[in-house]
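Engineer: Sharing input18.txt, compact mmCIF, C-alpha atoms:
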```
# COMPACT_ATOMS: atom_id res chain seq x y z
CA MET D 26 -10.81 -5.54 -26.54
CA SER D 27 -12.73 -8.64 -27.50
CA SER D 28 -13.05 -9.78 -23.91
CA GLY D 29 -14.50 -6.52 -22.58
CA HIS D 30 -11.84 -5.60 -20.03
CA HIS D 31 -11.84 -1.98 -19.04
CA VAL D 32 -8.55 -0.46 -20.17
CA PRO D 33 -7.85 2.67 -18.09
CA SER D 34 -6.94 5.75 -20.10
CA ILE D 35 -3.54 7.38 -19.72
CA GLY D 36 -5.26 10.71 -19.01
CA MET D 37 -7.07 9.21 -16.02
CA CYS D 38 -3.85 7.67 -14.67
CA VAL D 39 -2.07 11.03 -14.95
CA ARG D 40 -4.93 12.89 -13.21
CA VAL D 41 -4.91 10.41 -10.31
CA TRP D 42 -1.11 10.65 -10.12
CA LEU D 43 -1.21 14.47 -10.00
CA ALA D 44 -3.95 14.38 -7.35
CA LEU D 45 -1.81 12.03 -5.22
CA LEU D 46 1.23 14.31 -5.52
CA VAL D 47 -0.82 17.43 -4.68
CA LEU D 48 -2.36 15.68 -1.65
CA THR D 49 1.12 14.62 -0.47
CA GLY D 50 2.25 18.26 -0.68
CA PHE D 51 -0.91 19.30 1.16
CA THR D 52 -0.37 16.80 3.98
CA ILE D 53 3.22 18.08 4.45
CA PHE D 54 2.01 21.70 4.44
CA ILE D 55 -0.82 21.06 6.89
CA ALA D 56 1.58 19.26 9.28
CA SER D 57 3.62 22.48 9.52
CA GLN D 58 0.53 24.33 10.79
CA ASP D 59 -0.57 23.98 14.40
CA LEU D 60 -4.22 22.94 14.21
CA GLY D 61 -4.34 21.69 17.78
CA MET D 62 -6.49 18.57 18.03
CA LEU D 63 -7.23 18.64 14.30
CA ASN D 64 -3.76 17.83 12.92
CA THR D 65 -4.15 14.05 13.04
CA PRO D 66 -7.77 13.90 11.79
CA VAL D 67 -6.86 16.11 8.81
CA ALA D 68 -3.74 13.99 8.06
CA LEU D 69 -5.85 10.81 8.22
CA LEU D 70 -8.55 12.31 6.01
CA VAL D 71 -5.94 13.17 3.36
CA ALA D 72 -4.34 9.70 3.66
CA CYS D 73 -7.74 7.98 3.31
CA THR D 74 -8.52 10.11 0.25
CA LYS D 75 -5.19 9.11 -1.32
CA ALA D 76 -5.73 5.43 -0.48
CA THR D 77 -9.23 5.57 -1.98
CA LEU D 78 -7.87 7.08 -5.22
CA VAL D 79 -5.28 4.28 -5.49
CA ILE D 80 -7.79 1.52 -4.70
CA VAL D 81 -10.59 2.78 -6.96
CA PHE D 82 -8.54 3.82 -10.00
CA PHE D 83 -5.03 2.31 -9.95
CA MET D 84 -6.17 -1.02 -8.52
CA GLY D 85 -9.21 -0.84 -10.79
CA VAL D 86 -11.78 -1.80 -8.16
CA LYS D 87 -14.16 0.58 -9.95
CA TRP D 88 -14.32 -1.88 -12.85
CA ASN D 89 -14.25 -5.10 -10.79
CA THR D 90 -17.23 -7.35 -10.13
CA PRO D 91 -19.48 -6.70 -7.09
CA LEU D 92 -17.98 -9.77 -5.37
CA THR D 93 -14.42 -8.41 -5.62
CA LYS D 94 -15.62 -4.98 -4.47
CA THR D 95 -17.27 -6.54 -1.42
CA VAL D 96 -14.10 -8.45 -0.48
CA ALA D 97 -11.95 -5.33 -0.96
CA VAL D 98 -14.23 -3.24 1.28
CA SER D 99 -14.54 -6.02 3.88
CA GLY D 100 -10.84 -5.82 4.78
CA PHE D 101 -11.17 -2.18 5.77
CA VAL D 102 -14.45 -2.78 7.60
CA TRP D 103 -12.76 -5.48 9.73
CA LEU D 104 -9.89 -3.07 10.37
CA LEU D 105 -12.35 -0.49 11.72
CA ILE D 106 -13.91 -3.18 13.93
CA LEU D 107 -10.42 -3.96 15.29
CA PHE D 108 -9.74 -0.27 16.04
CA PHE D 109 -13.20 0.31 17.52
CA MET D 110 -13.22 -2.74 19.80
CA GLY D 111 -9.54 -2.28 20.69
CA MET D 112 -9.92 1.32 21.78
CA ASN D 113 -13.27 0.53 23.39
CA ASP D 114 -11.18 -1.65 25.71
CA TYR D 115 -8.12 0.56 26.24
CA LEU D 116 -9.93 3.88 26.68
CA THR D 117 -12.40 2.56 29.25
CA ARG D 118 -10.03 0.51 31.43
CA GLY D 119 -9.72 3.23 34.04
CA TRP D 120 -13.46 3.72 34.42
CA LEU D 121 -14.12 0.90 36.86
CA GLY D 122 -12.17 -0.08 39.91
CA VAL D 123 -10.96 -3.64 39.49
CA ALA D 124 -10.18 -5.65 42.61
CA GLY D 125 -6.49 -6.48 42.94
CA ARG D 126 -5.22 -3.80 40.54
CA MET X 20 -15.46 -32.79 -27.65
CA SER X 21 -16.88 -29.93 -29.71
CA ASN X 22 -20.06 -28.58 -28.18
CA SER X 23 -22.19 -26.53 -30.51
CA THR X 24 -24.52 -25.32 -27.73
CA ASN X 25 -21.69 -23.33 -26.18
CA PRO X 26 -20.60 -20.38 -28.33
CA VAL X 27 -17.46 -19.77 -26.28
CA SER X 28 -15.97 -23.21 -26.66
CA ALA X 29 -16.60 -23.07 -30.39
CA ALA X 30 -13.47 -20.94 -30.71
CA LYS X 31 -10.11 -22.50 -29.91
CA PRO X 32 -9.46 -21.93 -26.18
CA HIS X 33 -6.55 -19.72 -25.13
CA PRO X 34 -3.49 -21.88 -24.32
CA LYS X 35 -3.29 -20.26 -20.87
CA LEU X 36 -6.90 -21.09 -20.00
CA GLN X 37 -6.90 -23.62 -17.16
CA SER X 38 -9.29 -26.52 -17.65
CA HIS X 39 -11.33 -25.72 -14.54
CA PHE X 40 -12.30 -22.27 -15.84
CA PHE X 41 -15.04 -21.53 -18.30
CA SER X 42 -13.43 -18.50 -19.93
CA MET X 43 -10.41 -16.19 -19.69
CA ASP X 44 -12.65 -13.56 -18.09
CA GLN X 45 -13.70 -15.95 -15.37
CA GLN X 46 -10.09 -16.98 -14.83
CA LEU X 47 -9.03 -13.33 -14.50
CA GLU X 48 -11.86 -12.59 -12.09
CA ALA X 49 -10.88 -15.56 -9.92
CA SER X 50 -7.25 -14.35 -9.84
CA THR X 51 -8.25 -10.80 -8.94
CA LEU X 52 -10.64 -12.02 -6.25
CA GLY X 53 -8.02 -14.36 -4.80
CA MET X 54 -5.47 -11.56 -4.68
CA TRP X 55 -7.94 -9.32 -2.88
CA VAL X 56 -8.57 -12.05 -0.28
CA PHE X 57 -4.82 -12.15 0.29
CA LEU X 58 -4.69 -8.34 0.50
CA VAL X 59 -7.43 -8.43 3.15
CA THR X 60 -5.15 -10.65 5.27
CA GLU X 61 -2.38 -8.11 4.62
CA VAL X 62 -4.66 -5.27 5.77
CA MET X 63 -5.28 -7.17 9.00
CA PHE X 64 -1.55 -7.95 9.36
CA PHE X 65 -0.54 -4.28 9.13
CA GLY X 66 -3.74 -3.41 11.02
CA GLY X 67 -2.40 -5.09 14.16
CA LEU X 68 0.64 -2.82 14.04
CA PHE X 69 -1.54 0.25 13.49
CA MET X 70 -3.64 -0.87 16.48
CA ALA X 71 -0.45 -0.97 18.60
CA TYR X 72 0.42 2.47 17.22
CA ILE X 73 -2.97 3.90 18.28
CA VAL X 74 -2.77 2.39 21.79
CA TYR X 75 0.77 3.62 22.54
CA ARG X 76 0.31 7.00 20.89
CA ASN X 77 -2.72 7.42 23.15
CA MET X 78 -0.56 6.51 26.17
CA TYR X 79 2.45 8.69 25.25
CA PRO X 80 1.14 11.56 23.09
CA HIS X 81 3.99 13.94 23.93
CA ALA X 82 6.84 11.42 23.50
CA TRP X 83 5.31 10.51 20.13
CA VAL X 84 5.64 14.12 18.89
CA GLU X 85 9.23 14.39 20.15
CA ALA X 86 10.32 11.07 18.67
CA SER X 87 8.62 11.84 15.35
CA ALA X 88 10.62 15.09 15.14
CA GLU X 89 13.79 12.91 15.06
CA LEU X 90 12.72 11.41 11.74
CA ASN X 91 13.71 13.08 8.49
CA TRP X 92 10.35 14.14 6.99
CA LYS X 93 12.06 15.38 3.83
CA LEU X 94 13.38 11.90 3.03
CA GLY X 95 10.03 10.41 4.04
CA GLY X 96 8.23 12.85 1.75
CA LEU X 97 10.66 12.10 -1.09
CA ASN X 98 9.95 8.39 -0.67
CA THR X 99 6.20 9.07 -0.70
CA GLY X 100 6.62 10.82 -4.05
CA VAL X 101 8.82 7.98 -5.36
CA LEU X 102 6.19 5.39 -4.45
CA ILE X 103 3.36 7.43 -5.99
CA CYS X 104 5.37 7.68 -9.22
CA SER X 105 5.99 3.91 -9.11
CA SER X 106 2.23 3.40 -8.71
CA ILE X 107 1.38 5.25 -11.92
CA THR X 108 4.05 3.34 -13.87
CA MET X 109 2.67 0.09 -12.41
CA ALA X 110 -0.84 1.11 -13.50
CA LEU X 111 0.55 1.90 -16.97
CA ALA X 112 2.33 -1.49 -17.06
CA VAL X 113 -0.98 -3.26 -16.36
CA ARG X 114 -2.64 -1.08 -19.01
CA ALA X 115 0.05 -2.01 -21.55
CA ALA X 116 -0.39 -5.70 -20.65
CA MET X 117 -4.17 -5.42 -21.19
CA MET X 118 -3.52 -4.01 -24.64
CA GLY X 119 -0.89 -6.64 -25.41
CA ASN X 120 1.80 -3.98 -25.79
CA ARG X 121 4.99 -5.83 -24.83
CA LYS X 122 7.38 -2.88 -25.21
CA GLN X 123 5.37 -0.43 -23.07
CA GLN X 124 4.88 -3.20 -20.53
CA LEU X 125 8.63 -3.85 -20.23
CA ILE X 126 9.47 -0.12 -20.00
CA ASN X 127 6.89 0.52 -17.29
CA ILE X 128 7.83 -2.55 -15.24
CA ALA X 129 11.50 -1.46 -15.45
CA ILE X 130 10.71 2.10 -14.29
CA THR X 131 8.55 0.73 -11.47
CA SER X 132 11.44 -1.49 -10.33
CA ILE X 133 13.94 1.38 -10.49
CA LEU X 134 11.62 3.58 -8.39
CA GLY X 135 11.11 0.72 -5.93
CA ALA X 136 14.88 0.31 -5.61
CA THR X 137 15.23 4.09 -5.15
CA PHE X 138 12.80 3.89 -2.25
CA LEU X 139 14.94 1.21 -0.58
CA VAL X 140 18.16 3.17 -1.11
CA VAL X 141 16.63 6.26 0.55
CA LYS X 142 15.35 4.01 3.35
CA PHE X 143 18.87 2.62 3.79
CA PHE X 144 20.29 6.10 4.40
CA GLU X 145 17.48 6.88 6.84
CA TYR X 146 18.16 3.70 8.81
CA LYS X 147 21.90 4.39 8.73
CA ALA X 148 21.36 7.80 10.36
CA LYS X 149 19.17 6.20 13.04
CA PHE X 150 21.94 3.69 13.85
CA GLU X 151 24.46 6.54 14.13
CA HIS X 152 22.13 8.44 16.48
CA HIS X 153 21.53 5.34 18.67
CA LEU X 154 17.81 5.37 17.95
CA VAL X 155 17.64 1.68 16.98
CA PRO X 156 16.26 -0.69 19.66
CA GLY X 157 19.03 -3.02 20.80
CA PRO X 158 22.30 -2.92 22.75
CA HIS X 159 23.20 0.58 21.52
CA PHE X 160 19.74 2.09 22.11
CA ASP X 161 20.09 5.53 23.71
CA PRO X 162 19.23 4.81 27.40
CA SER X 163 18.30 8.45 28.06
CA LEU X 164 15.26 8.17 25.79
CA GLU X 165 12.02 8.16 27.73
CA GLN X 166 9.90 5.01 27.53
CA GLY X 167 7.34 6.44 25.11
CA MET X 168 10.05 7.43 22.65
CA GLN X 169 11.62 3.97 22.86
CA ILE X 170 8.26 2.42 22.01
CA PHE X 171 7.86 4.86 19.10
CA PHE X 172 11.20 3.84 17.61
CA SER X 173 10.45 0.15 18.13
CA LEU X 174 7.18 0.56 16.25
CA TYR X 175 8.84 2.74 13.62
CA PHE X 176 11.39 0.02 12.81
CA VAL X 177 8.87 -2.83 12.83
CA MET X 178 6.35 -0.99 10.64
CA THR X 179 8.79 0.51 8.13
CA GLY X 180 10.95 -2.65 8.24
CA ILE X 181 8.04 -4.92 7.34
CA HIS X 182 6.97 -2.41 4.72
CA ALA X 183 10.51 -2.46 3.27
CA LEU X 184 10.40 -6.28 3.27
CA HIS X 185 7.22 -6.04 1.21
CA MET X 186 9.06 -3.73 -1.18
CA VAL X 187 11.89 -6.27 -1.56
CA ILE X 188 9.36 -9.03 -2.29
CA GLY X 189 7.65 -6.63 -4.71
CA LEU X 190 10.94 -6.13 -6.56
CA GLY X 191 11.27 -9.93 -6.86
CA ILE X 192 7.75 -10.07 -8.34
CA MET X 193 8.66 -7.24 -10.75
CA ALA X 194 11.74 -9.19 -11.87
CA TYR X 195 9.56 -12.26 -12.49
CA ILE X 196 6.89 -10.50 -14.56
CA PHE X 197 9.61 -8.58 -16.44
CA ILE X 198 11.20 -11.86 -17.51
CA GLN X 199 7.82 -13.36 -18.41
CA ALA X 200 6.85 -10.23 -20.35
CA TRP X 201 10.22 -10.37 -22.10
CA LYS X 202 9.45 -13.93 -23.20
CA GLY X 203 6.09 -12.70 -24.51
CA THR X 204 4.02 -14.76 -22.05
CA TYR X 205 1.30 -12.11 -21.70
CA ASP X 206 -1.19 -10.92 -24.26
CA ALA X 207 -4.46 -8.99 -24.33
CA GLU X 208 -6.32 -12.11 -23.14
CA TYR X 209 -3.84 -13.39 -20.57
CA PHE X 210 -2.43 -10.69 -18.29
CA ALA X 211 -3.71 -11.79 -14.87
CA PRO X 212 -0.19 -12.17 -13.35
CA VAL X 213 0.61 -8.54 -14.25
CA GLU X 214 -2.76 -7.35 -12.93
CA VAL X 215 -2.34 -9.26 -9.65
CA SER X 216 1.27 -8.08 -9.20
CA GLY X 217 -0.01 -4.54 -9.72
CA LEU X 218 -2.58 -5.01 -6.94
CA TYR X 219 0.22 -6.08 -4.58
CA TRP X 220 2.43 -3.14 -5.57
CA HIS X 221 -0.38 -0.59 -5.09
CA PHE X 222 -1.23 -2.11 -1.71
CA VAL X 223 2.36 -1.61 -0.50
CA ASP X 224 2.09 2.01 -1.70
CA ILE X 225 -1.13 2.47 0.33
CA VAL X 226 0.57 1.22 3.50
CA TRP X 227 3.24 3.89 3.04
CA ILE X 228 0.58 6.56 2.40
CA PHE X 229 -0.56 5.94 5.99
CA LEU X 230 2.90 5.41 7.52
CA PHE X 231 4.27 8.71 6.20
CA PRO X 232 1.95 11.20 8.00
CA LEU X 233 1.56 8.99 11.10
CA LEU X 234 5.30 8.49 11.69
CA TYR X 235 7.11 11.43 10.09
CA LEU X 236 4.86 14.46 10.37
CA LEU X 237 3.85 14.60 14.03
CA GLY X 238 6.67 16.91 15.12
CA ALA X 239 6.68 19.09 11.99
CA HIS X 240 4.81 22.01 13.54
CA GLY X 241 7.23 22.23 16.48
CA ALA X 242 4.77 21.30 19.21
```
Give the structure from the file, written as C-alpha cells.
Structural biologist:
Amino acid sequence: MSSGHHVPSIGMCVRVWLALLVLTGFTIFIASQDLGMLNTPVALLVACTKATLVIVFFMGVKWNTPLTKTVAVSGFVWLLILFFMGMNDYLTRGWLGVAGR
Amino acid sequence: MSNSTNPVSAAKPHPKLQSHFFSMDQQLEASTLGMWVFLVTEVMFFGGLFMAYIVYRNMYPHAWVEASAELNWKLGGLNTGVLICSSITMALAVRAAMMGNRKQQLINIAITSILGATFLVVKFFEYKAKFEHHLVPGPHFDPSLEQGMQIFFSLYFVMTGIHALHMVIGLGIMAYIFIQAWKGTYDAEYFAPVEVSGLYWHFVDIVWIFLFPLLYLLGAHGA
C-alpha cells in the first residue's frame, strides 16, 4: 500500500452484493403487485439504487479523484437532458395545430 | 539524469511507468479517467435506445405490457443474479490485483468469465424460444402481432442483443487479463488494465440492471 490506493474490503463487497441481490428480489416482488401508475417509478427507483451501489462501490468512484467523479456523473446528466428534451418534444406535439398535418 | 530535487524519481521507476507520466498514481488516474470518458459515450449509446423505449412505450402502453408478458422473467431474473455475482467476483479480482495477489486474481477472473458465459447460455435459450414462437423481427415474424408489440420485440432484440455483444467483448477482455495475470504482468503498483476492465464489466452489469425491470417485468402483475 505504498502508493495509497484504496483497497476495498471483502466485507464491503459482500454487503453490496447482498444488497444488490435483495433489491433484485424486491423488484421482482413489487412487479407482481398492481400499484397502478406507481409500478414503473418504483422499478426505476430500485434500478437506480442498484446502479448507484455498483458505481459508487464496485466501480470505486467513491475513492476516485473529483475529476473522474465529475466525468462519471456527467454521462448520466447528459442522459437526463436527452430524456427531458426528447419527451418535451414528443409529449407536446399534439398541443398545437400544425398546418399541413 | 538523476534529479535530487524530485523525491519520486530518486527511486527506480516502475518498468510499466510510461515516460509521459510523472508517477504510477498519475498513470492509473489517467487510465481510469479515460475509461470513464469512454463509458460516458457508452451511456449515451445505450441512452438513445432507452429514449426510443420511452417514446414507443408512451405510444403503446398496453401492447408493451402484453409483449413483456411473453418474456420469461424467471430466466431474466436468473441472469440478473448471475451478473450481480459476476460483478462481486470482478470487484474481488480488482482488489486482488491491487494487493498483488496473483492467485486470487486468476480465480476471480475465471469465476467472472464463467458467470459471463452462463449469462450468454441462458440468453441463447431465451432467444431460441423467441424464434420458435415467431417473436423475432424478420420473415417469420408473427403477422398477427399488433404494431406496438412488434416494436417492443424489435427494441427487445436490439437492446439485449447489443448488451450480449458487450458481454462477448467483455469475455474477450477477461481472457486477455487472465493471460496477462497468469504471466505475472500485474502487481500492486501496476494494475490499471484490471481496474479498467472491471469498470467496463460493471458498466455492462448496470445496463442489464435497467433492462431487466423495463423489459421483463411489465406484464408480471397480469394487467
Engineer: For chain D against chain X, which residues fall within 8 Å using all atoms listed in the file, given as a VMD selection string?
Structural biologist: chain D and resid 26 28 30 32 to 33 35 38 to 39 42 45 to 46 49 52 to 53 56 to 59 65 68 to 69 72 to 73 75 to 76 79 to 80 83 to 84 89 to 90 92 to 93 96 to 97 99 to 101 103 to 104 107 to 108 111 to 112 115
Engineer: To one decimal in Å, tell me the separation between CA of Lys147 (chain X) and CA of Asn98 (chain X).
Structural biologist: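 Answer for the CA of Lys147 (chain X) to CA of Asn98 (chain X) separation: 15.7 Å.
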Engineer: Provide the CA of Ile128 (chain X) to CA of Gln46 (chain X) distance in Å, to one decimal place.
Structural biologist: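 Between CA of Ile128 (chain X) and CA of Gln46 (chain X) the gap is 23.0 Å.
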Engineer: What's the separation between CA of Trp120 (chain D) and CA of Phe171 (chain X), in Å to one decimal place?
Structural biologist: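 That distance, rounded to one decimal, is 26.3 Å.
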Engineer: So which one's closest to Phe138 (chain X), X:Ile170, X:Ala86, X:Met186, X:Val155? Using all atoms listed in the file, please.
Structural biologist: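 Once distances to Phe138 (chain X) are computed over all atoms listed in the file, the minimum belongs to X:Met186.
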